[in-house]
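Undergrad: Data file work_27.cif (mmCIF, C-alpha atoms) is appended below.
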data_protein
#
loop_
_atom_site.label_atom_id
_atom_site.label_comp_id
_atom_site.auth_asym_id
_atom_site.auth_seq_id
_atom_site.Cartn_x
_atom_site.Cartn_y
_atom_site.Cartn_z
CA TYR A 1275 87.54 122.06 191.60
CA GLY A 1276 87.56 125.25 193.64
CA ALA A 1277 83.84 125.21 194.40
CA PHE A 1278 84.34 124.63 198.13
CA SER A 1279 87.12 125.83 200.39
CA ARG A 1280 89.67 123.20 201.37
CA TYR A 1281 90.81 125.21 204.39
CA GLY A 1282 91.12 122.82 207.33
CA VAL A 1283 91.16 119.67 205.16
CA VAL A 1284 94.25 117.43 205.28
CA ALA A 1285 95.82 117.72 201.82
CA PHE A 1286 95.74 114.56 199.69
CA ALA A 1287 96.46 115.61 196.10
CA SER A 1288 96.45 119.39 195.81
CA SER A 1289 95.50 119.64 192.13
CA LEU A 1290 92.63 117.16 192.62
CA ASP A 1291 91.30 117.82 196.13
CA CYS A 1292 87.62 118.81 196.10
CA PRO A 1293 85.42 118.39 199.19
CA GLY A 1294 81.99 117.07 198.23
CA LEU A 1295 78.50 116.95 199.70
CA MET A 1296 76.18 114.02 200.32
CA THR A 1297 72.48 114.30 201.14
CA THR A 1298 69.12 112.72 200.34
CA SER A 1299 67.89 114.86 197.44
CA ALA A 1300 69.08 117.25 194.75
CA ARG A 1301 66.92 119.98 196.26
CA LYS A 1302 68.74 119.76 199.59
CA LEU A 1303 72.08 119.51 197.84
CA LYS A 1304 71.42 122.73 195.94
CA ARG A 1305 70.55 124.52 199.16
CA TYR A 1306 73.74 123.37 200.89
CA TYR A 1307 75.81 124.10 197.82
CA LEU A 1308 74.70 127.74 197.73
CA LYS A 1309 75.64 128.14 201.39
CA LEU A 1310 79.11 126.62 201.02
CA ALA A 1311 80.32 127.64 197.56
CA LYS A 1312 81.81 130.91 198.72
CA LYS A 1313 85.08 132.74 198.27
CA ASP A 1314 87.54 131.97 201.06
CA VAL A 1315 90.68 134.05 201.56
CA PHE A 1316 92.36 130.97 203.05
CA ASP A 1317 92.00 129.00 199.78
CA ALA A 1318 92.99 130.75 196.57
CA THR A 1319 91.27 128.12 194.40
CA THR A 1320 87.88 129.53 195.51
CA CYS A 1321 88.56 132.98 194.07
CA SER A 1322 87.37 132.59 190.47
CA ASN A 1323 85.57 135.58 188.97
CA LYS A 1324 83.63 133.22 186.68
CA ARG A 1325 81.63 131.97 189.64
CA SER A 1326 79.65 135.24 189.77
CA ARG A 1327 78.31 134.48 186.29
CA LEU A 1328 77.28 130.99 187.35
CA ASN A 1329 73.53 131.60 187.51
CA GLN A 1330 73.38 133.46 184.19
CA LYS A 1331 73.94 130.32 182.12
CA GLN A 1332 71.07 128.93 180.09
CA GLN A 1333 69.19 125.83 181.15
CA ILE A 1334 70.58 122.45 180.12
CA LYS A 1335 68.82 121.57 176.86
CA SER A 1336 71.07 118.81 175.55
CA LEU A 1337 72.82 115.83 177.10
CA GLY A 1338 75.69 113.83 175.67
CA LEU A 1339 76.04 110.06 176.05
CA PRO A 1340 79.78 109.31 175.84
CA GLU A 1341 80.34 106.07 173.95
CA GLN A 1342 83.33 105.19 176.17
CA TYR A 1343 81.09 105.24 179.27
CA PHE A 1344 78.71 102.69 177.76
CA ASP A 1345 81.19 100.18 176.35
CA LYS A 1346 81.41 96.43 176.99
CA ALA A 1347 83.26 96.92 180.29
CA VAL A 1348 80.09 98.37 181.85
CA ASP A 1349 77.48 95.97 183.23
CA PRO A 1350 74.61 95.79 180.69
CA LYS A 1351 72.06 96.12 183.51
CA VAL A 1352 73.73 99.33 184.69
CA LYS A 1353 73.79 100.69 181.13
CA LYS A 1354 70.12 99.90 180.72
CA LEU A 1355 69.08 101.90 183.80
CA VAL A 1356 71.18 104.94 182.88
CA THR A 1357 69.88 104.83 179.31
CA GLN A 1358 66.31 104.66 180.63
CA ALA A 1359 67.00 107.76 182.74
CA ALA A 1360 68.33 109.59 179.69
CA LYS A 1361 65.26 108.61 177.67
CA LEU A 1362 62.99 109.89 180.44
CA LEU A 1363 64.72 113.26 180.34
CA GLU A 1364 64.45 113.22 176.54
CA LYS A 1365 60.66 112.83 176.86
CA ASN A 1366 60.71 115.98 178.97
CA GLY A 1367 62.44 118.13 176.39
CA ILE A 1368 66.14 117.27 176.70
CA GLU A 1369 67.95 116.50 173.44
CA LEU A 1370 70.25 113.46 173.51
CA LYS A 1371 73.43 113.26 171.45
CA SER A 1372 76.29 110.79 171.20
CA VAL A 1373 79.67 112.27 172.14
CA SER A 1374 83.18 110.88 172.39
CA LEU A 1375 85.75 111.16 175.17
CA PRO A 1376 88.55 109.17 173.50
CA HIS A 1377 91.17 109.44 176.25
CA THR A 1378 88.91 108.06 178.99
CA LYS A 1379 90.80 104.74 178.97
CA TYR A 1380 93.96 106.51 180.15
CA GLY A 1381 92.20 108.29 183.01
CA ILE A 1382 92.84 105.70 185.72
CA ALA A 1383 96.58 105.50 185.02
CA ALA A 1384 96.99 109.28 184.81
CA TYR A 1385 94.90 109.91 187.91
CA TYR A 1386 96.70 107.47 190.17
CA ILE A 1387 100.16 108.61 189.10
CA ILE A 1388 99.31 112.28 189.68
CA ALA A 1389 97.41 111.56 192.90
CA PHE A 1390 100.13 109.34 194.36
CA VAL A 1391 102.96 111.77 193.55
CA GLU A 1392 101.07 114.66 195.13
CA THR A 1393 100.14 112.49 198.11
CA ALA A 1394 103.76 111.55 198.74
CA SER A 1395 104.62 115.25 198.71
CA ASN A 1396 101.72 116.40 200.90
CA LEU A 1397 102.05 113.66 203.50
CA GLY A 1398 105.81 114.14 203.74
CA ARG A 1399 105.13 116.64 206.54
CA TYR A 1400 103.95 113.80 208.77
CA ASP A 1401 107.48 112.69 209.59
CA GLY A 1402 107.06 112.62 213.37
CA VAL A 1403 108.86 115.93 213.89
CA ARG A 1404 105.95 118.40 213.66
CA PHE A 1405 102.80 116.50 214.51
CA GLY A 1406 103.83 113.71 216.89
CA ASN A 1407 102.99 110.47 215.08
CA ASP A 1408 105.11 109.50 212.08
CA ARG A 1409 104.06 107.85 208.81
CA THR A 1410 104.12 104.35 210.28
CA ASN A 1411 100.76 105.27 211.79
CA PHE A 1412 99.13 105.45 208.36
CA GLY A 1413 97.03 102.54 207.15
CA PRO A 1414 98.17 100.21 204.35
CA GLU A 1415 96.44 102.17 201.54
CA ALA A 1416 98.04 105.48 202.57
CA LYS A 1417 101.44 103.79 202.83
CA ARG A 1418 100.98 102.24 199.38
CA ARG A 1419 100.24 105.63 197.89
CA ILE A 1420 103.22 107.28 199.58
CA VAL A 1421 105.62 104.56 198.38
CA LEU A 1422 104.31 104.52 194.79
CA GLY A 1423 104.19 108.31 194.64
CA THR A 1424 107.75 108.60 195.91
CA PHE A 1425 108.88 106.10 193.27
CA ALA A 1426 107.02 107.81 190.41
CA SER A 1427 108.53 111.20 191.31
CA SER A 1428 112.08 109.98 191.93
CA ALA A 1429 115.03 110.91 189.74
CA GLY A 1430 114.90 109.12 186.40
CA TYR A 1431 111.21 108.25 186.69
CA ALA A 1432 109.45 111.61 186.97
CA ASP A 1433 109.65 112.24 183.23
CA LYS A 1434 108.62 108.66 182.48
CA TYR A 1435 105.51 108.66 184.69
CA TYR A 1436 104.44 111.99 186.20
CA GLU A 1437 105.14 114.19 183.19
CA GLN A 1438 103.42 111.75 180.85
CA ALA A 1439 100.41 111.61 183.18
CA ALA A 1440 100.23 115.41 183.16
CA LYS A 1441 100.14 115.38 179.35
CA VAL A 1442 97.33 112.82 179.38
CA ARG A 1443 95.45 115.04 181.82
CA THR A 1444 95.55 117.85 179.27
CA LEU A 1445 94.15 115.50 176.61
CA ILE A 1446 91.27 114.54 178.94
CA ILE A 1447 90.52 118.21 179.66
CA ASN A 1448 90.40 118.89 175.93
CA ASP A 1449 88.09 115.89 175.40
CA PHE A 1450 85.53 117.44 177.74
CA LYS A 1451 85.93 120.89 176.18
CA LYS A 1452 85.15 119.46 172.74
CA ALA A 1453 82.18 117.51 174.09
CA PHE A 1454 80.72 120.63 175.72
CA GLU A 1455 80.87 122.43 172.39
CA GLN A 1456 78.25 119.91 171.23
CA VAL A 1457 76.11 119.47 174.36
CA ASP A 1458 75.30 121.37 177.55
CA ALA A 1459 76.07 118.44 179.86
CA ILE A 1460 76.83 114.71 179.90
CA ILE A 1461 74.94 111.79 181.44
CA ALA A 1462 76.71 108.52 182.24
CA PRO A 1463 76.97 105.68 184.77
CA VAL A 1464 78.90 106.40 187.96
CA CYS A 1465 80.46 102.95 188.20
CA PRO A 1466 80.80 100.06 185.72
CA SER A 1467 79.03 97.70 188.12
CA THR A 1468 77.03 97.61 191.33
CA ALA A 1469 78.77 97.49 194.70
CA PHE A 1470 81.07 94.59 195.46
CA LYS A 1471 80.98 92.85 198.84
CA ILE A 1472 82.77 94.41 201.81
CA GLY A 1473 86.37 93.18 201.81
CA GLU A 1474 85.93 91.31 198.52
CA LYS A 1475 88.74 93.17 196.74
CA ILE A 1476 90.84 94.23 199.72
CA ASP A 1477 93.73 92.07 198.53
CA ASP A 1478 93.52 93.37 194.97
CA PRO A 1479 93.79 97.18 195.12
CA LEU A 1480 94.05 97.43 191.33
CA GLN A 1481 90.52 96.06 190.96
CA MET A 1482 89.27 98.63 193.46
CA TYR A 1483 91.04 101.41 191.56
CA LEU A 1484 89.43 100.28 188.30
CA SER A 1485 85.97 100.80 189.76
CA ASP A 1486 86.77 104.56 189.58
CA VAL A 1487 87.29 104.48 185.81
CA LEU A 1488 84.15 106.54 185.05
CA THR A 1489 84.70 109.22 187.69
CA VAL A 1490 88.43 110.03 187.80
CA PRO A 1491 88.44 111.77 184.36
CA ILE A 1492 86.05 114.36 185.79
CA ASN A 1493 88.36 114.94 188.74
CA LEU A 1494 91.36 115.31 186.41
CA ALA A 1495 89.46 117.88 184.34
CA GLY A 1496 88.36 119.87 187.40
CA ILE A 1497 84.74 120.02 186.28
CA PRO A 1498 81.53 119.46 188.30
CA ALA A 1499 79.61 116.20 188.44
CA LEU A 1500 76.96 114.77 190.72
CA SER A 1501 75.68 111.28 191.34
CA ILE A 1502 72.00 110.45 191.81
CA PRO A 1503 70.17 107.09 192.10
CA CYS A 1504 68.49 105.75 188.97
CA GLY A 1505 67.28 102.30 190.03
CA PHE A 1506 68.39 98.93 191.37
CA VAL A 1507 70.19 95.89 189.97
CA ASP A 1508 69.97 92.70 192.03
CA ASN A 1509 68.72 94.80 194.97
CA LEU A 1510 71.77 97.08 194.82
CA PRO A 1511 71.47 100.78 193.91
CA VAL A 1512 72.79 102.14 190.62
CA GLY A 1513 73.88 105.75 190.19
CA LEU A 1514 73.96 107.99 187.16
CA GLN A 1515 76.22 111.01 186.97
CA LEU A 1516 75.54 114.38 185.41
CA ILE A 1517 78.70 116.12 184.24
CA GLY A 1518 79.00 119.73 183.13
CA PRO A 1519 81.56 122.38 182.18
CA ARG A 1520 83.19 124.48 184.89
CA TRP A 1521 80.81 126.46 187.11
CA SER A 1522 77.72 124.71 185.76
CA ASP A 1523 77.08 123.24 189.21
CA ILE A 1524 73.71 124.91 189.77
CA LYS A 1525 72.39 123.90 186.35
CA LEU A 1526 73.37 120.28 187.02
CA LEU A 1527 71.60 120.41 190.37
CA GLU A 1528 68.48 121.84 188.75
CA LEU A 1529 68.46 119.05 186.17
CA ALA A 1530 68.96 116.46 188.92
CA GLU A 1531 66.04 117.98 190.82
CA GLU A 1532 63.91 117.78 187.67
CA TYR A 1533 64.79 114.08 187.31
CA GLN A 1534 63.92 113.43 190.95
CA GLN A 1535 60.53 115.06 190.42
CA LEU A 1536 59.91 112.50 187.68
CA THR A 1537 61.17 109.50 189.70
CA ASN A 1538 61.38 108.37 193.31
CA TYR A 1539 64.57 106.31 193.29
CA HIS A 1540 66.19 108.73 195.75
CA LEU A 1541 63.44 107.81 198.24
CA GLN A 1542 63.93 104.05 197.90
CA THR A 1543 66.29 101.76 199.81
CA PRO A 1544 67.40 98.16 199.16
CA ASN A 1545 65.20 95.41 200.60
CA LEU A 1546 67.56 93.87 203.11
#
The structure given in the file should be rewritten as structure tokens.
TA:
Amino acid sequence: YGAFSRYGVVAFASSLDCPGLMTTSARKLKRYYLKLAKKDVFDATTCSNKRSRLNQKQQIKSLGLPEQYFDKAVDPKVKKLVTQAAKLLEKNGIELKSVSLPHTKYGIAAYYIIAFVETASNLGRYDGVRFGNDRTNFGPEAKRRIVLGTFASSAGYADKYYEQAAKVRTLIINDFKKAFEQVDAIIAPVCPSTAFKIGEKIDDPLQMYLSDVLTVPINLAGIPALSIPCGFVDNLPVGLQLIGPRWSDIKLLELAEEYQQLTNYHLQTPNL
């Protein structure tokens, strides 16, 4: 959070919004990151003094495997590939440790309450007065988030939903802080399963939201994470994520580059 300027981006959830980068290798990603992670006077979240000390951190020497990210809800085949990746890094000098992030299970609920409330507030400006089209022009998912966010922030419900979600967010932040006292970074699956078919869950948004269970805690905590390929299950790609404390972005990218020097999954594509 705060790595890249959000100036010019339509606001979704202001305390969560973080533009990201996608490219074909960690090496390229690092190059683009260094060009874009700059202070911007138009976005106060980019003005952290800690960023200048970013490159003075030590190399990542230990990785944590959070037990909650490898539980029974995660596809065993996905767990196997991510574990194999961790073992490969261990062979190359990285120490592996088990860590715990006990409030992970509350991440989805907290994230979607906070995100929806902030969305309802941010998109309130699109009322047809200032920008031409009104909110009826939004798609069904945007409308769903506006309606649920308005409900969760309404009188009598804000303390029951939004305030409780904010407290859970603090617990999740503290979980990561404690974990990073034991390890330099964390390795975990990106998603509990491989990709589902296009349109398969369109009528069940809750199931789609649940596929974010392993990534939204990172967004709530405002810390950096990156996803890289680590193999295939049933001809579908599987991603692992590297998660680090605030401003450890470069060190995560360097570790990802090291992994991609040992493997070639980022060069492979599914056999269609």
Undergrad: Have a look at atom CA of A:Val1512 and atom CA of A:Val1464 and let me know their distance in Å, one decimal.
TA: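 Separating atom CA of A:Val1512 from atom CA of A:Val1464 is a distance of 7.9 Å.
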Undergrad: Exactly which residues make up the result of the PyMOL selection byres ((chain A and resi 1366) around 12) on this file, given as an MDAnalysis selection string?
TA: chainID A and resid 1334:1336 1359:1365 1367:1370 1529 1532:1533 1535:1536
Undergrad: Env of stretch 1381-1388 of chain A: 6 Å cut, atoms = all atoms listed in the file, seq-sep filter 4 positions within chain, self excluded. Answer as a list in words.
TA: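 The contact residues come out as Ala1439, Val1487 and Pro1491 of chain A.
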Undergrad: Around the point (91.8, 117.1, 173.8) in the file's coordinates, collect all residues with an atom within 12 Å, using only C-alpha atoms, and return them as a list in words.
TA: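 Looking at atoms near the point gives Ser1374, Leu1375, Pro1376, His1377, Thr1378, Lys1441, Val1442, Arg1443, Thr1444, Leu1445, Ile1446, Ile1447, Asn1448, Asp1449, Phe1450, Lys1451, Lys1452, Ala1453, Phe1454 and Ala1495 of chain A.
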Undergrad: In terms of the shortest atom-to-atom distance over all atoms listed in the file, which of A:Tyr1343, A:Phe1405, A:Tyr1400, A:Tyr1436 is closest to A:Lys1379?
TA: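 Among A:Tyr1343, A:Phe1405, A:Tyr1400, A:Tyr1436, it is A:Tyr1343 that comes nearest to A:Lys1379.
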Undergrad: Would you list the contacts of A:Ile1460 as a PDB file with C-alpha atoms, keeping the file's coordinate frame, taking every protein, DNA or RNA residue within 7 Å and counting all atoms listed in the file, but skipping same-chain residues closer than 2 positions in sequence?
TA:
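Result saved to part09.pdb:
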ATOM      1  CA  LEU A1337      72.820 115.830 177.100  1.00  0.00           C
ATOM      2  CA  GLY A1338      75.690 113.830 175.670  1.00  0.00           C
ATOM      3  CA  LEU A1339      76.040 110.060 176.050  1.00  0.00           C
ATOM      4  CA  ALA A1462      76.710 108.520 182.240  1.00  0.00           C
ATOM      5  CA  LEU A1516      75.540 114.380 185.410  1.00  0.00           C
ATOM      6  CA  ILE A1517      78.700 116.120 184.240  1.00  0.00           C
ATOM      7  CA  GLY A1518      79.000 119.730 183.130  1.00  0.00           C
TER       8      GLY A1518
END
Undergrad: Please output stretch 1420-1443 of chain A, rebuilt to include N, CA and C atoms, as a PDB file, keeping the file's coordinate frame.
TA:
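Saved file part.pdb follows:
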ATOM      1  N   ILE A1420     101.986 106.533 199.313  1.00  0.00           N
ATOM      2  CA  ILE A1420     103.220 107.280 199.580  1.00  0.00           C
ATOM      3  C   ILE A1420     104.399 106.614 198.877  1.00  0.00           C
ATOM      4  N   VAL A1421     104.496 105.291 198.990  1.00  0.00           N
ATOM      5  CA  VAL A1421     105.620 104.560 198.380  1.00  0.00           C
ATOM      6  C   VAL A1421     105.586 104.682 196.861  1.00  0.00           C
ATOM      7  N   LEU A1422     104.415 104.443 196.251  1.00  0.00           N
ATOM      8  CA  LEU A1422     104.310 104.520 194.790  1.00  0.00           C
ATOM      9  C   LEU A1422     104.522 105.945 194.293  1.00  0.00           C
ATOM     10  N   GLY A1423     104.008 106.914 195.034  1.00  0.00           N
ATOM     11  CA  GLY A1423     104.190 108.310 194.640  1.00  0.00           C
ATOM     12  C   GLY A1423     105.632 108.751 194.732  1.00  0.00           C
ATOM     13  N   THR A1424     106.330 108.282 195.762  1.00  0.00           N
ATOM     14  CA  THR A1424     107.750 108.600 195.910  1.00  0.00           C
ATOM     15  C   THR A1424     108.552 107.994 194.757  1.00  0.00           C
ATOM     16  N   PHE A1425     108.196 106.762 194.389  1.00  0.00           N
ATOM     17  CA  PHE A1425     108.880 106.100 193.270  1.00  0.00           C
ATOM     18  C   PHE A1425     108.627 106.843 191.965  1.00  0.00           C
ATOM     19  N   ALA A1426     107.375 107.187 191.694  1.00  0.00           N
ATOM     20  CA  ALA A1426     107.020 107.810 190.410  1.00  0.00           C
ATOM     21  C   ALA A1426     107.614 109.208 190.263  1.00  0.00           C
ATOM     22  N   SER A1427     107.967 109.848 191.376  1.00  0.00           N
ATOM     23  CA  SER A1427     108.530 111.200 191.310  1.00  0.00           C
ATOM     24  C   SER A1427     110.035 111.219 191.525  1.00  0.00           C
ATOM     25  N   SER A1428     110.645 110.047 191.666  1.00  0.00           N
ATOM     26  CA  SER A1428     112.080 109.980 191.930  1.00  0.00           C
ATOM     27  C   SER A1428     112.886 110.261 190.666  1.00  0.00           C
ATOM     28  N   ALA A1429     114.147 110.572 190.857  1.00  0.00           N
ATOM     29  CA  ALA A1429     115.030 110.910 189.740  1.00  0.00           C
ATOM     30  C   ALA A1429     115.050 109.762 188.720  1.00  0.00           C
ATOM     31  N   GLY A1430     114.885 110.110 187.458  1.00  0.00           N
ATOM     32  CA  GLY A1430     114.900 109.120 186.400  1.00  0.00           C
ATOM     33  C   GLY A1430     113.536 108.553 186.068  1.00  0.00           C
ATOM     34  N   TYR A1431     112.553 108.796 186.936  1.00  0.00           N
ATOM     35  CA  TYR A1431     111.210 108.250 186.690  1.00  0.00           C
ATOM     36  C   TYR A1431     110.147 109.335 186.534  1.00  0.00           C
ATOM     37  N   ALA A1432     110.446 110.536 187.032  1.00  0.00           N
ATOM     38  CA  ALA A1432     109.450 111.610 186.970  1.00  0.00           C
ATOM     39  C   ALA A1432     109.024 111.903 185.535  1.00  0.00           C
ATOM     40  N   ASP A1433     110.007 111.949 184.617  1.00  0.00           N
ATOM     41  CA  ASP A1433     109.650 112.240 183.230  1.00  0.00           C
ATOM     42  C   ASP A1433     108.960 111.063 182.560  1.00  0.00           C
ATOM     43  N   LYS A1434     109.208 109.851 183.054  1.00  0.00           N
ATOM     44  CA  LYS A1434     108.620 108.660 182.480  1.00  0.00           C
ATOM     45  C   LYS A1434     107.182 108.455 182.927  1.00  0.00           C
ATOM     46  N   TYR A1435     106.848 108.891 184.145  1.00  0.00           N
ATOM     47  CA  TYR A1435     105.510 108.660 184.690  1.00  0.00           C
ATOM     48  C   TYR A1435     104.739 109.961 184.907  1.00  0.00           C
ATOM     49  N   TYR A1436     105.229 110.811 185.819  1.00  0.00           N
ATOM     50  CA  TYR A1436     104.440 111.990 186.200  1.00  0.00           C
ATOM     51  C   TYR A1436     104.232 112.948 185.032  1.00  0.00           C
ATOM     52  N   GLU A1437     105.281 113.243 184.295  1.00  0.00           N
ATOM     53  CA  GLU A1437     105.140 114.190 183.190  1.00  0.00           C
ATOM     54  C   GLU A1437     104.231 113.652 182.094  1.00  0.00           C
ATOM     55  N   GLN A1438     104.308 112.358 181.837  1.00  0.00           N
ATOM     56  CA  GLN A1438     103.420 111.750 180.850  1.00  0.00           C
ATOM     57  C   GLN A1438     101.962 111.799 181.318  1.00  0.00           C
ATOM     58  N   ALA A1439     101.762 111.549 182.620  1.00  0.00           N
ATOM     59  CA  ALA A1439     100.410 111.610 183.180  1.00  0.00           C
ATOM     60  C   ALA A1439      99.835 113.020 183.069  1.00  0.00           C
ATOM     61  N   ALA A1440     100.682 114.023 183.279  1.00  0.00           N
ATOM     62  CA  ALA A1440     100.230 115.410 183.160  1.00  0.00           C
ATOM     63  C   ALA A1440      99.805 115.736 181.732  1.00  0.00           C
ATOM     64  N   LYS A1441     100.513 115.170 180.762  1.00  0.00           N
ATOM     65  CA  LYS A1441     100.140 115.380 179.350  1.00  0.00           C
ATOM     66  C   LYS A1441      98.802 114.715 179.040  1.00  0.00           C
ATOM     67  N   VAL A1442      98.606 113.516 179.580  1.00  0.00           N
ATOM     68  CA  VAL A1442      97.330 112.820 179.380  1.00  0.00           C
ATOM     69  C   VAL A1442      96.192 113.623 180.008  1.00  0.00           C
ATOM     70  N   ARG A1443      96.467 114.210 181.157  1.00  0.00           N
ATOM     71  CA  ARG A1443      95.450 115.040 181.820  1.00  0.00           C
ATOM     72  C   ARG A1443      94.975 116.160 180.890  1.00  0.00           C
TER      73      ARG A1443
END
